[in-house]
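Shown below: coords.csv, with CSV, C-alpha atoms.
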```
chain,number,residue,atom,x,y,z
A,1,MET,CA,-27.4,32.7,0.8
A,2,THR,CA,-24.7,30.4,2.2
A,3,ASP,CA,-24.5,28.1,5.2
A,4,ASN,CA,-22.4,30.9,6.7
A,5,GLN,CA,-25.3,33.3,6.6
A,6,ASN,CA,-24.9,34.4,10.1
A,7,GLY,CA,-21.4,34.3,11.4
A,8,ALA,CA,-22.3,36.6,14.3
A,9,ALA,CA,-25.0,34.3,15.5
A,10,ARG,CA,-22.7,31.3,15.3
A,11,ILE,CA,-20.1,33.0,17.4
A,12,THR,CA,-22.7,34.2,20.0
A,13,GLU,CA,-24.1,30.7,20.2
A,14,VAL,CA,-20.6,29.4,21.1
A,15,PHE,CA,-20.3,31.9,24.0
A,16,ARG,CA,-23.8,30.8,25.2
A,17,ALA,CA,-22.9,27.1,25.0
A,18,CYS,CA,-19.4,27.2,26.5
A,19,GLY,CA,-19.8,29.6,29.4
A,20,LYS,CA,-16.4,31.2,29.1
A,21,ALA,CA,-14.7,31.1,25.7
A,22,PHE,CA,-11.0,30.5,25.2
A,23,ILE,CA,-10.1,32.2,22.0
A,24,ALA,CA,-6.8,31.1,20.4
A,25,TYR,CA,-4.9,33.2,17.8
A,26,LEU,CA,-2.2,32.0,15.5
A,27,MET,CA,-0.7,33.2,12.2
A,28,ALA,CA,-1.6,31.5,9.0
A,29,GLY,CA,1.6,30.1,7.3
A,30,ASP,CA,3.8,30.2,10.4
A,31,PRO,CA,5.9,28.3,9.6
A,32,ASP,CA,3.7,27.0,6.8
A,33,LEU,CA,0.0,26.3,6.1
A,34,ALA,CA,0.2,22.5,6.7
A,35,GLN,CA,1.5,23.1,10.2
A,36,THR,CA,-1.0,25.9,10.7
A,37,ARG,CA,-3.7,23.4,9.9
A,38,ALA,CA,-2.3,20.9,12.5
A,39,SER,CA,-2.0,23.6,15.1
A,40,ILE,CA,-5.6,24.8,14.6
A,41,LEU,CA,-6.9,21.3,15.1
A,42,ALA,CA,-4.7,20.7,18.1
A,43,LEU,CA,-5.9,24.0,19.8
A,44,ALA,CA,-9.5,22.9,19.1
A,45,ARG,CA,-8.9,19.5,20.6
A,46,GLY,CA,-7.5,21.1,23.7
A,47,GLY,CA,-10.7,23.1,24.1
A,48,ALA,CA,-10.2,26.4,22.1
A,49,ASP,CA,-13.8,27.6,21.5
A,50,ILE,CA,-12.9,30.1,18.7
A,51,ILE,CA,-9.9,30.3,16.4
A,52,GLU,CA,-8.5,33.6,15.2
A,53,LEU,CA,-6.3,33.1,12.2
A,54,GLY,CA,-3.9,36.0,11.4
A,55,LEU,CA,-3.4,36.8,7.8
A,56,PRO,CA,0.1,38.0,7.2
A,57,PHE,CA,0.5,41.7,6.5
A,58,SER,CA,3.6,43.8,5.8
A,59,ASP,CA,2.7,46.5,8.4
A,60,PRO,CA,1.0,44.8,11.3
A,61,ILE,CA,0.7,47.9,13.5
A,62,ALA,CA,-1.1,46.3,16.4
A,63,GLU,CA,1.4,43.6,16.9
A,64,GLY,CA,4.4,43.3,19.2
A,65,GLU,CA,7.7,41.6,18.3
A,66,THR,CA,6.4,38.0,18.7
A,67,ILE,CA,3.6,38.3,16.1
A,68,GLN,CA,5.7,40.6,13.8
A,69,ALA,CA,8.2,37.7,13.6
A,70,ALA,CA,5.3,35.3,12.8
A,71,ASN,CA,4.3,37.6,9.9
A,72,LEU,CA,7.8,37.4,8.6
A,73,ARG,CA,7.9,33.6,8.9
A,74,ALA,CA,4.5,33.4,7.0
A,75,PHE,CA,6.0,35.6,4.2
A,76,ALA,CA,9.1,33.4,4.2
A,77,SER,CA,6.9,30.4,3.4
A,78,LYS,CA,5.2,32.3,0.6
A,79,THR,CA,1.8,32.3,2.3
A,80,GLU,CA,-0.9,33.9,0.2
A,81,LEU,CA,-4.6,34.6,0.6
A,82,SER,CA,-5.6,31.9,-1.9
A,83,GLY,CA,-3.8,29.3,0.2
A,84,ILE,CA,-5.4,30.6,3.4
A,85,PHE,CA,-8.9,30.5,2.0
A,86,GLU,CA,-8.2,27.0,0.8
A,87,LEU,CA,-7.1,26.0,4.3
A,88,ALA,CA,-10.2,27.6,5.8
A,89,ARG,CA,-12.4,25.7,3.3
A,90,SER,CA,-10.6,22.4,4.1
A,91,LEU,CA,-11.4,22.8,7.8
A,92,LYS,CA,-15.2,23.0,7.2
A,93,GLY,CA,-16.7,19.9,8.8
A,94,GLU,CA,-13.5,19.0,10.6
A,95,LEU,CA,-13.3,22.1,12.9
A,96,SER,CA,-16.4,22.8,14.9
A,97,ALA,CA,-15.1,26.0,16.5
A,98,PRO,CA,-15.8,29.2,14.5
A,99,LEU,CA,-12.9,30.4,12.5
A,100,LEU,CA,-12.2,34.1,12.3
A,101,PHE,CA,-9.6,36.1,10.4
A,102,MET,CA,-7.6,38.8,12.0
A,103,THR,CA,-5.8,41.1,9.5
A,104,TYR,CA,-5.4,44.7,8.4
A,105,LEU,CA,-7.5,46.6,6.0
A,106,ASN,CA,-5.3,47.0,3.0
A,107,PRO,CA,-5.1,43.4,1.8
A,108,VAL,CA,-8.9,43.2,2.2
A,109,PHE,CA,-9.4,46.5,0.3
A,110,ASN,CA,-7.0,45.4,-2.3
A,111,PHE,CA,-8.8,42.1,-2.9
A,112,GLY,CA,-12.1,44.0,-3.1
A,113,TYR,CA,-14.5,44.0,-0.1
A,114,ASP,CA,-17.3,42.2,-1.9
A,115,ALA,CA,-15.1,39.4,-3.3
A,116,PHE,CA,-13.2,39.0,-0.1
A,117,PHE,CA,-16.2,38.5,2.2
A,118,ALA,CA,-18.0,36.3,-0.4
A,119,ARG,CA,-14.9,34.1,-0.3
A,120,CYS,CA,-14.9,34.2,3.6
A,121,ALA,CA,-18.5,33.0,3.6
A,122,ALA,CA,-17.8,30.3,1.0
A,123,CYS,CA,-14.9,29.0,3.1
A,124,GLY,CA,-16.8,29.0,6.4
A,125,VAL,CA,-15.1,32.0,8.0
A,126,SER,CA,-17.4,33.4,10.6
A,127,GLY,CA,-15.9,36.7,11.4
A,128,ILE,CA,-13.1,39.2,10.9
A,129,ILE,CA,-11.0,41.5,13.1
A,130,ILE,CA,-9.4,44.5,11.5
A,131,PRO,CA,-7.4,46.4,14.2
A,132,ASP,CA,-6.5,49.3,11.8
A,133,LEU,CA,-10.1,49.9,10.8
A,134,PRO,CA,-11.5,52.6,13.2
A,135,PHE,CA,-15.1,52.2,14.2
A,136,GLU,CA,-15.9,55.5,12.5
A,137,GLU,CA,-14.6,54.3,9.2
A,138,GLN,CA,-16.1,50.9,9.1
A,139,ALA,CA,-19.3,51.5,7.3
A,140,GLU,CA,-17.8,50.9,3.8
A,141,VAL,CA,-16.6,47.4,5.1
A,142,ALA,CA,-19.7,46.6,7.1
A,143,VAL,CA,-21.9,46.8,4.0
A,144,TYR,CA,-20.1,43.7,2.7
A,145,THR,CA,-19.6,41.8,6.0
A,146,LYS,CA,-23.4,42.1,6.5
A,147,LYS,CA,-24.1,41.1,2.9
A,148,HIS,CA,-22.1,37.9,3.3
A,149,GLY,CA,-22.9,37.1,7.0
A,150,VAL,CA,-19.4,37.6,8.3
A,151,ALA,CA,-19.2,39.1,11.8
A,152,LEU,CA,-17.2,42.3,12.0
A,153,ILE,CA,-15.5,42.1,15.4
A,154,THR,CA,-14.7,45.6,16.8
A,155,LEU,CA,-12.2,46.6,19.5
A,156,VAL,CA,-12.4,48.7,22.6
A,157,ALA,CA,-9.2,50.0,24.1
A,158,PRO,CA,-8.4,51.5,27.6
A,159,THR,CA,-8.5,54.9,25.8
A,160,SER,CA,-11.8,54.5,24.0
A,161,GLY,CA,-13.6,56.6,26.6
A,162,PRO,CA,-16.7,58.2,25.2
A,163,ARG,CA,-16.5,56.1,22.1
A,164,ILE,CA,-17.3,52.9,24.1
A,165,ALA,CA,-21.0,53.5,23.9
A,166,LYS,CA,-21.2,53.6,20.1
A,167,ILE,CA,-18.7,50.8,19.6
A,168,ALA,CA,-20.5,48.6,22.0
A,169,ARG,CA,-24.0,49.4,20.5
A,170,GLY,CA,-22.7,48.4,17.1
A,171,ALA,CA,-20.9,45.3,18.2
A,172,GLU,CA,-21.6,41.8,16.9
A,173,GLY,CA,-20.1,38.3,17.6
A,174,TYR,CA,-18.1,39.5,20.5
A,175,LEU,CA,-16.4,42.7,21.6
A,176,TYR,CA,-12.6,42.6,21.7
A,177,LEU,CA,-11.5,44.4,24.8
A,178,VAL,CA,-7.8,45.4,24.5
A,179,SER,CA,-6.4,44.9,28.0
A,180,SER,CA,-3.5,47.4,27.9
A,181,MET,CA,-2.0,50.3,26.0
A,182,GLY,CA,0.5,49.3,23.4
A,183,VAL,CA,0.8,46.3,21.1
A,184,THR,CA,0.2,42.6,21.4
A,185,GLY,CA,2.6,40.5,23.5
A,186,VAL,CA,3.0,38.6,26.7
A,187,ARG,CA,2.7,40.9,29.8
A,188,GLY,CA,3.4,39.9,33.4
A,189,GLU,CA,0.7,42.1,34.7
A,190,ILE,CA,-2.3,44.0,33.4
A,191,THR,CA,-2.8,47.3,35.1
A,192,THR,CA,-5.9,48.6,33.3
A,193,ASP,CA,-9.1,49.0,35.4
A,194,LEU,CA,-10.8,46.2,33.4
A,195,PRO,CA,-13.8,45.9,35.7
A,196,ALA,CA,-14.7,49.5,35.1
A,197,LEU,CA,-14.3,49.1,31.3
A,198,VAL,CA,-16.4,45.9,31.2
A,199,ALA,CA,-19.1,47.6,33.3
A,200,GLU,CA,-19.2,50.5,30.9
A,201,ILE,CA,-19.5,48.1,27.9
A,202,ARG,CA,-22.2,46.2,29.6
A,203,ARG,CA,-24.3,49.3,30.0
A,204,HIS,CA,-24.6,49.4,26.2
A,205,THR,CA,-24.6,45.9,24.9
A,206,ASN,CA,-25.3,42.2,25.7
A,207,VAL,CA,-22.7,41.1,23.1
A,208,PRO,CA,-20.1,38.9,24.8
A,209,VAL,CA,-16.8,40.6,25.9
A,210,ALA,CA,-13.5,38.9,25.3
A,211,ILE,CA,-10.2,40.3,26.7
A,212,GLY,CA,-7.0,40.1,24.8
A,213,PHE,CA,-3.4,41.5,24.6
A,214,GLY,CA,-0.9,40.3,27.1
A,215,VAL,CA,-2.8,37.3,28.3
A,216,HIS,CA,-0.7,34.1,28.5
A,217,SER,CA,-1.0,32.1,31.8
A,218,PRO,CA,-3.8,29.9,33.1
A,219,GLU,CA,-3.9,32.1,36.3
A,220,GLN,CA,-4.6,35.2,34.2
A,221,ALA,CA,-7.1,33.4,32.1
A,222,GLY,CA,-8.9,32.2,35.2
A,223,ALA,CA,-8.9,35.7,36.8
A,224,LEU,CA,-10.1,37.4,33.6
A,225,SER,CA,-12.9,34.9,33.0
A,226,SER,CA,-14.6,35.9,36.2
A,227,LEU,CA,-14.7,39.4,34.7
A,228,ALA,CA,-15.5,38.8,31.0
A,229,ASP,CA,-17.0,36.2,28.7
A,230,GLY,CA,-13.8,35.1,27.0
A,231,VAL,CA,-10.1,35.4,26.9
A,232,ILE,CA,-8.0,35.8,23.8
A,233,VAL,CA,-4.4,34.5,23.6
A,234,GLY,CA,-2.1,35.2,20.7
A,235,SER,CA,1.6,35.8,21.4
A,236,ALA,CA,1.9,33.0,23.9
A,237,ILE,CA,0.6,30.5,21.3
A,238,VAL,CA,2.8,32.0,18.5
A,239,GLU,CA,5.8,31.6,20.8
A,240,LEU,CA,5.0,27.9,21.4
A,241,ILE,CA,4.7,27.4,17.7
A,242,ALA,CA,8.0,29.1,17.1
A,243,ARG,CA,9.8,27.2,19.8
A,244,HIS,CA,8.4,23.7,19.2
A,245,ALA,CA,8.2,23.5,15.4
A,246,ALA,CA,6.8,20.1,14.4
A,247,ASP,CA,6.1,19.1,18.0
A,248,ALA,CA,3.9,22.2,18.5
A,249,PRO,CA,0.5,20.6,18.0
A,250,LYS,CA,0.7,18.3,21.1
A,251,ILE,CA,2.1,21.2,23.2
A,252,LEU,CA,-0.7,23.5,21.9
A,253,GLU,CA,-3.3,21.0,22.8
A,254,ALA,CA,-2.0,20.7,26.3
A,255,TYR,CA,-1.7,24.5,26.6
A,256,ALA,CA,-5.3,25.0,25.4
A,257,ARG,CA,-6.5,22.4,27.9
A,258,SER,CA,-4.7,24.1,30.8
A,259,MET,CA,-6.2,27.5,29.8
A,260,LYS,CA,-9.6,26.1,29.4
A,261,SER,CA,-9.6,24.3,32.7
A,262,ALA,CA,-8.4,27.4,34.5
A,263,MET,CA,-11.3,29.2,33.0
A,264,GLU,CA,-13.9,26.5,33.8
A,265,SER,CA,-13.0,26.5,37.5
A,266,LYS,CA,-14.2,30.1,37.7
B,267,MET,CA,-9.3,58.2,4.5
B,268,LYS,CA,-7.3,56.5,1.7
B,269,SER,CA,-4.1,57.4,0.0
B,270,TYR,CA,-1.7,56.0,-2.5
B,271,PHE,CA,1.0,53.5,-1.5
B,272,CYS,CA,3.8,51.5,-3.1
B,273,GLN,CA,2.4,47.9,-2.7
B,274,ASP,CA,2.3,44.6,-4.4
B,275,GLY,CA,-0.6,42.9,-6.0
B,276,ALA,CA,-1.8,41.5,-2.7
B,277,GLY,CA,-1.8,44.8,-0.9
B,278,GLN,CA,1.4,44.2,1.0
B,279,ILE,CA,3.3,47.5,1.5
B,280,SER,CA,6.6,47.6,-0.4
B,281,PRO,CA,9.9,47.9,1.5
B,282,VAL,CA,11.1,51.2,0.1
B,283,TYR,CA,14.4,53.0,0.1
B,284,SER,CA,15.7,56.5,-0.8
B,285,ILE,CA,19.0,58.2,-0.4
B,286,SER,CA,16.9,60.9,1.2
B,287,ALA,CA,15.7,59.8,4.6
B,288,GLY,CA,12.7,62.1,4.3
B,289,LEU,CA,11.5,60.3,1.2
B,290,ASP,CA,12.0,56.8,2.6
B,291,TYR,CA,8.2,56.2,3.0
B,292,PRO,CA,6.0,54.1,0.8
B,293,GLY,CA,3.0,56.4,0.8
B,294,ILE,CA,1.9,60.0,0.2
B,295,GLY,CA,-0.1,62.4,2.3
B,296,PRO,CA,-3.8,63.3,1.7
B,297,GLU,CA,-3.0,66.6,0.1
B,298,HIS,CA,-0.8,65.0,-2.6
B,299,ALA,CA,-3.3,62.2,-3.0
B,300,ALA,CA,-6.0,64.8,-3.8
B,301,LEU,CA,-3.8,66.8,-6.2
B,302,PHE,CA,-3.0,63.6,-8.0
B,303,THR,CA,-6.6,62.3,-8.1
B,304,THR,CA,-8.0,65.6,-9.4
B,305,GLY,CA,-5.2,65.9,-12.0
B,306,ARG,CA,-3.9,69.2,-10.6
B,307,ALA,CA,-0.4,67.9,-10.2
B,308,GLU,CA,1.7,65.5,-12.1
B,309,TYR,CA,4.2,63.2,-10.3
B,310,VAL,CA,7.5,61.9,-11.7
B,311,GLY,CA,10.3,59.7,-10.4
B,312,ILE,CA,14.0,60.6,-9.9
B,313,THR,CA,16.7,58.1,-9.1
B,314,ASP,CA,19.3,58.5,-6.4
B,315,ASP,CA,22.0,59.0,-9.0
B,316,GLU,CA,20.0,61.8,-10.7
B,317,ALA,CA,19.3,63.5,-7.4
B,318,VAL,CA,23.0,63.4,-6.4
B,319,GLU,CA,24.1,64.8,-9.8
B,320,ALA,CA,21.6,67.7,-9.4
B,321,PHE,CA,22.9,68.3,-5.9
B,322,TYR,CA,26.3,68.8,-7.4
B,323,SER,CA,25.2,70.8,-10.3
B,324,LEU,CA,23.2,73.4,-8.3
B,325,SER,CA,26.0,73.6,-5.8
B,326,ARG,CA,28.6,74.3,-8.5
B,327,THR,CA,26.6,76.6,-10.8
B,328,GLU,CA,24.7,78.7,-8.2
B,329,GLY,CA,26.6,78.1,-4.9
B,330,VAL,CA,23.3,76.9,-3.5
B,331,ILE,CA,23.4,73.5,-1.8
B,332,PRO,CA,19.9,71.9,-2.0
B,333,ALA,CA,18.6,69.4,0.4
B,334,ILE,CA,18.6,65.9,-1.2
B,335,GLU,CA,14.8,66.1,-1.3
B,336,SER,CA,14.9,69.4,-3.2
B,337,ALA,CA,17.7,68.0,-5.4
B,338,HIS,CA,15.1,65.6,-6.8
B,339,ALA,CA,13.1,68.7,-8.1
B,340,VAL,CA,16.3,70.2,-9.5
B,341,ALA,CA,17.0,66.9,-11.3
B,342,PHE,CA,13.6,66.9,-13.0
B,343,ALA,CA,13.9,70.6,-13.9
B,344,GLU,CA,17.2,69.8,-15.7
B,345,LYS,CA,15.5,67.0,-17.7
B,346,PHE,CA,12.4,69.1,-18.4
B,347,ALA,CA,14.0,72.5,-19.3
B,348,PRO,CA,15.5,71.5,-22.7
B,349,GLY,CA,12.0,70.9,-24.0
B,350,LEU,CA,10.8,74.4,-23.3
B,351,PRO,CA,11.2,77.6,-25.4
B,352,LYS,CA,14.2,79.8,-24.1
B,353,ASP,CA,11.9,82.5,-22.8
B,354,GLU,CA,9.8,80.2,-20.5
B,355,GLY,CA,10.6,80.2,-16.8
B,356,ILE,CA,10.5,77.4,-14.3
B,357,ILE,CA,10.0,77.8,-10.6
B,358,ILE,CA,11.7,75.1,-8.4
B,359,CYS,CA,10.8,74.9,-4.7
B,360,LEU,CA,14.0,74.4,-2.7
B,361,SER,CA,12.3,73.0,0.4
B,362,GLY,CA,15.4,72.7,2.4
B,363,ARG,CA,19.2,73.3,2.6
B,364,GLY,CA,21.7,70.7,1.8
B,365,ASP,CA,24.6,71.5,4.1
B,366,LYS,CA,23.0,69.0,6.5
B,367,ASP,CA,23.3,66.4,3.7
B,368,VAL,CA,26.9,66.7,2.6
B,369,ALA,CA,28.0,63.7,4.8
B,370,ALA,CA,25.3,61.5,3.2
B,371,ILE,CA,26.4,62.6,-0.3
B,372,ALA,CA,30.0,61.8,0.6
B,373,ARG,CA,29.0,58.4,1.8
B,374,TYR,CA,27.0,57.8,-1.4
B,375,LYS,CA,30.2,58.7,-3.3
B,376,GLY,CA,32.1,56.0,-1.3
B,377,GLU,CA,33.6,58.1,1.5
B,378,ASN,CA,33.8,56.2,4.8
B,379,LEU,CA,32.3,59.0,6.8
B,380,TYR,CA,29.9,58.6,9.7
B,381,ASP,CA,28.2,61.0,12.1
B,382,GLY,CA,29.7,61.6,15.6
```

So that I can check it, write out the structure of this file as structure tokens.
Amino acid sequence: MTDNQNGAARITEVFRACGKAFIAYLMAGDPDLAQTRASILALARGGADIIELGLPFSDPIAEGETIQAANLRAFASKTELSGIFELARSLKGELSAPLLFMTYLNPVFNFGYDAFFARCAACGVSGIIIPDLPFEEQAEVAVYTKKHGVALITLVAPTSGPRIAKIARGAEGYLYLVSSMGVTGVRGEITTDLPALVAEIRRHTNVPVAIGFGVHSPEQAGALSSLADGVIVGSAIVELIARHAADAPKILEAYARSMKSAMESK
Amino acid sequence: MKSYFCQDGAGQISPVYSISAGLDYPGIGPEHAALFTTGRAEYVGITDDEAVEAFYSLSRTEGVIPAIESAHAVAFAEKFAPGLPKDEGIIICLSGRGDKDVAAIARYKGENLYDG
């Protein structure tokens, strides 16, 4: 037993308490772990309710150019899992927003599922998102996320169709609704029929629904919050980090504040 | 489903290269993975140099131009054959023809030759 025993409950509680959750993604080690730490705290100060921390992977198949480049910058600064776990552990107490990892299956498999999620729990990581782990294959991982109280966040895409029912019924923490076909990245416009997808999900679960992929502006965040329980922003944040280097934290804080206030007015 | 990949100790997939564009992939398919796991097949490595030498030797001795992928098999057969009795046979699968590859071989040999 650890104090992290129920990451899913902790995440759900955040949704309950904040109304609409602003979920901020950034890449660990972009451009290095010290700056990542400053960026996480800045996003939280600005109002981010949940932090998704990307773990660099050589083959990030869900990512568009922006986050691919962040992966390369993280490798360039020699970012390794041990350092990322240490960063997570060092944020305990200082960061009240739940911290999640977003990565791909192979580094987790390679580390060993049991050891990886035990380490997550010890370092206060509440959940994990693994976009290349299909729902139908997740049982071998779920045994260990459950054992260690780490929420396994699953994804629904515009093409999930008849699979939505089982994915939604098995969901914990929140359900990650992918807004559009394709990879992550800033989009001017989201053309998917999101109200229909959200309605279909709601028929099967009460777990909060957060929409990601392509979301960047306060206007979008505001519009999406009237539809779902949360909004996930990744590439726009990664771009700010890439553009502003050491000045990024204060810009991220202001950005998070603008997103959060656009969502609260809904 | 799982398979075997060239990767580092942290599970990061290796950047791989081969003179044969068809072999320029860090993993293997499920059929090979099963053959390997059950011990029904043995897998060996061949360098670009060895494959190119085999490409020449089969072309010169038999008038058959093997694809660069197949030239890897020829290269291993050339290494393996001297250890066998004279009356033993070896079957090599030539999975493709190499006339499509002559420009790549020429470039490998330093010719400044590019498609179209």

Need the shell around Ile251 (chain A): protein/DNA/RNA residues with any atom at most 12 Å away, counting all atoms listed in the file. Skip same-chain ones fewer than 2 positions apart. Format as a list in words?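 My list of contacting residues is Ala38, Ser39, Ala42, Leu43, Arg45, Gly46, Ala236, Ile237, Val238, Glu239, Leu240, Ile241, Ala242, Arg243, His244, Ala245, Ala246, Asp247, Ala248, Pro249, Glu253, Ala254, Tyr255, Ala256, Arg257 and Ser258 of chain A.
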
Residue with smallest distance to chain B - pool A:Thr145, A:Ser180, A:Ser217, A:Asn110, counting only C-alpha atoms: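 For chain B, the nearest of the given residues is A:Asn110.
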
If we count all atoms listed in the file, which residues of chain A reach to within 8 Å of chain B? Please list them as a PyMOL selection string. chain A and resi 57-59+106-111

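We find CA of Asp353 (chain B) and CA of Ile312 (chain B) to be spaced 25.5 Å apart.
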
Could you tell me how far CA of Ser160 (chain A) sits from CA of Ala142 (chain A), in Å to one decimal place? 20.3 Å

Could you tell me how far CA of Ala339 (chain B) lies from CA of Glu377 (chain B), in Å and to one decimal?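 These atoms are spaced 25.0 Å apart.
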
Got a sec: who's within 10 Å of Leu81 (chain A), counting only C-alpha atoms, leaving out chain neighbours fewer than 2 positions off, as a list in words?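 Listed by chain and then number, they are Ala28, Leu55, Pro56, Thr79, Gly83, Ile84, Phe85, Glu86, Leu87, Pro107, Val108, Phe111 and Phe116 of chain A; Ala276 of chain B.
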
Just C-alpha atoms for this one: save the residues we selected as a short mmCIF file (atom, residue, chain, number, x, y, z; two decimals), keeping the file's coordinate frame.
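Written output follows (result_28.cif):
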```
data_model
loop_
_atom_site.label_atom_id
_atom_site.label_comp_id
_atom_site.auth_asym_id
_atom_site.auth_seq_id
_atom_site.Cartn_x
_atom_site.Cartn_y
_atom_site.Cartn_z
CA ALA A 28 -1.60 31.50 9.00
CA LEU A 55 -3.40 36.80 7.80
CA PRO A 56 0.10 38.00 7.20
CA THR A 79 1.80 32.30 2.30
CA GLY A 83 -3.80 29.30 0.20
CA ILE A 84 -5.40 30.60 3.40
CA PHE A 85 -8.90 30.50 2.00
CA GLU A 86 -8.20 27.00 0.80
CA LEU A 87 -7.10 26.00 4.30
CA PRO A 107 -5.10 43.40 1.80
CA VAL A 108 -8.90 43.20 2.20
CA PHE A 111 -8.80 42.10 -2.90
CA PHE A 116 -13.20 39.00 -0.10
CA ALA B 276 -1.80 41.50 -2.70
#
```

Dig up all the protein and nucleic acid residues within 9 Å of (-22.1, 49.0, 20.8) in the file frame, using all atoms listed in the file, and format them as a ChimeraX atom specification. /A:164-172,175,201,204-207

At most 10 Å from (25.0, 69.0, -7.3), file frame, only C-alpha atoms: which residues, as a ChimeraX atom specification? /B:316-332,334,337,340-341,364,371

Near Gly355 (chain B), counting all atoms listed in the file, which residues have an atom at most 12 Å away, once you skip same-chain residues fewer than 5 positions from it, shown as a list in words?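 With the cut-off at 12 Å, the set is Ala343, Phe346, Ala347, Pro348, Gly349 and Leu350 of chain B.
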
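The neighbours of His216 (chain A) here are the residues that come within 9 Å of it, using only C-alpha atoms and leaving out any residue fewer than 6 positions away in the same chain; they are Gly185, Val186, Arg187, Gly188, Ile232, Val233, Gly234, Ser235, Ala236, Ile237 and Met259 of chain A.
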
Written-out region 307-321 of chain B (N, CA and C atoms) as a PDB file, in the first residue's frame:
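What ended up in decode_18.pdb:
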```pdb
ATOM      1  N   ALA B 307      13.965 -22.023 -36.599  1.00  0.00           N
ATOM      2  CA  ALA B 307      14.866 -21.356 -37.544  1.00  0.00           C
ATOM      3  C   ALA B 307      15.975 -20.667 -36.762  1.00  0.00           C
ATOM      4  N   GLU B 308      17.117 -20.551 -37.443  1.00  0.00           N
ATOM      5  CA  GLU B 308      18.249 -19.876 -36.831  1.00  0.00           C
ATOM      6  C   GLU B 308      18.508 -18.619 -37.663  1.00  0.00           C
ATOM      7  N   TYR B 309      18.839 -17.517 -37.009  1.00  0.00           N
ATOM      8  CA  TYR B 309      19.012 -16.251 -37.726  1.00  0.00           C
ATOM      9  C   TYR B 309      20.453 -15.774 -37.593  1.00  0.00           C
ATOM     10  N   VAL B 310      20.998 -15.286 -38.711  1.00  0.00           N
ATOM     11  CA  VAL B 310      22.390 -14.842 -38.716  1.00  0.00           C
ATOM     12  C   VAL B 310      22.481 -13.457 -39.344  1.00  0.00           C
ATOM     13  N   GLY B 311      23.544 -12.764 -39.092  1.00  0.00           N
ATOM     14  CA  GLY B 311      23.736 -11.435 -39.658  1.00  0.00           C
ATOM     15  C   GLY B 311      24.723 -11.453 -40.810  1.00  0.00           C
ATOM     16  N   ILE B 312      24.493 -10.574 -41.772  1.00  0.00           N
ATOM     17  CA  ILE B 312      25.399 -10.417 -42.928  1.00  0.00           C
ATOM     18  C   ILE B 312      25.624  -8.923 -43.110  1.00  0.00           C
ATOM     19  N   THR B 313      26.879  -8.540 -43.343  1.00  0.00           N
ATOM     20  CA  THR B 313      27.168  -7.111 -43.528  1.00  0.00           C
ATOM     21  C   THR B 313      26.847  -6.674 -44.962  1.00  0.00           C
ATOM     22  N   ASP B 314      26.748  -5.351 -45.155  1.00  0.00           N
ATOM     23  CA  ASP B 314      26.556  -4.819 -46.513  1.00  0.00           C
ATOM     24  C   ASP B 314      27.645  -5.328 -47.458  1.00  0.00           C
ATOM     25  N   ASP B 315      28.903  -5.282 -46.992  1.00  0.00           N
ATOM     26  CA  ASP B 315      30.028  -5.725 -47.841  1.00  0.00           C
ATOM     27  C   ASP B 315      29.862  -7.173 -48.283  1.00  0.00           C
ATOM     28  N   GLU B 316      29.508  -8.027 -47.333  1.00  0.00           N
ATOM     29  CA  GLU B 316      29.339  -9.450 -47.653  1.00  0.00           C
ATOM     30  C   GLU B 316      28.201  -9.646 -48.649  1.00  0.00           C
ATOM     31  N   ALA B 317      27.108  -8.918 -48.479  1.00  0.00           N
ATOM     32  CA  ALA B 317      25.964  -9.052 -49.383  1.00  0.00           C
ATOM     33  C   ALA B 317      26.346  -8.586 -50.791  1.00  0.00           C
ATOM     34  N   VAL B 318      27.085  -7.485 -50.872  1.00  0.00           N
ATOM     35  CA  VAL B 318      27.482  -6.962 -52.193  1.00  0.00           C
ATOM     36  C   VAL B 318      28.443  -7.936 -52.880  1.00  0.00           C
ATOM     37  N   GLU B 319      29.373  -8.517 -52.116  1.00  0.00           N
ATOM     38  CA  GLU B 319      30.278  -9.516 -52.698  1.00  0.00           C
ATOM     39  C   GLU B 319      29.487 -10.703 -53.235  1.00  0.00           C
ATOM     40  N   ALA B 320      28.476 -11.138 -52.489  1.00  0.00           N
ATOM     41  CA  ALA B 320      27.656 -12.281 -52.923  1.00  0.00           C
ATOM     42  C   ALA B 320      26.831 -11.926 -54.156  1.00  0.00           C
ATOM     43  N   PHE B 321      26.383 -10.680 -54.217  1.00  0.00           N
ATOM     44  CA  PHE B 321      25.652 -10.180 -55.388  1.00  0.00           C
ATOM     45  C   PHE B 321      26.522 -10.366 -56.645  1.00  0.00           C
TER      46      PHE B 321
END
```
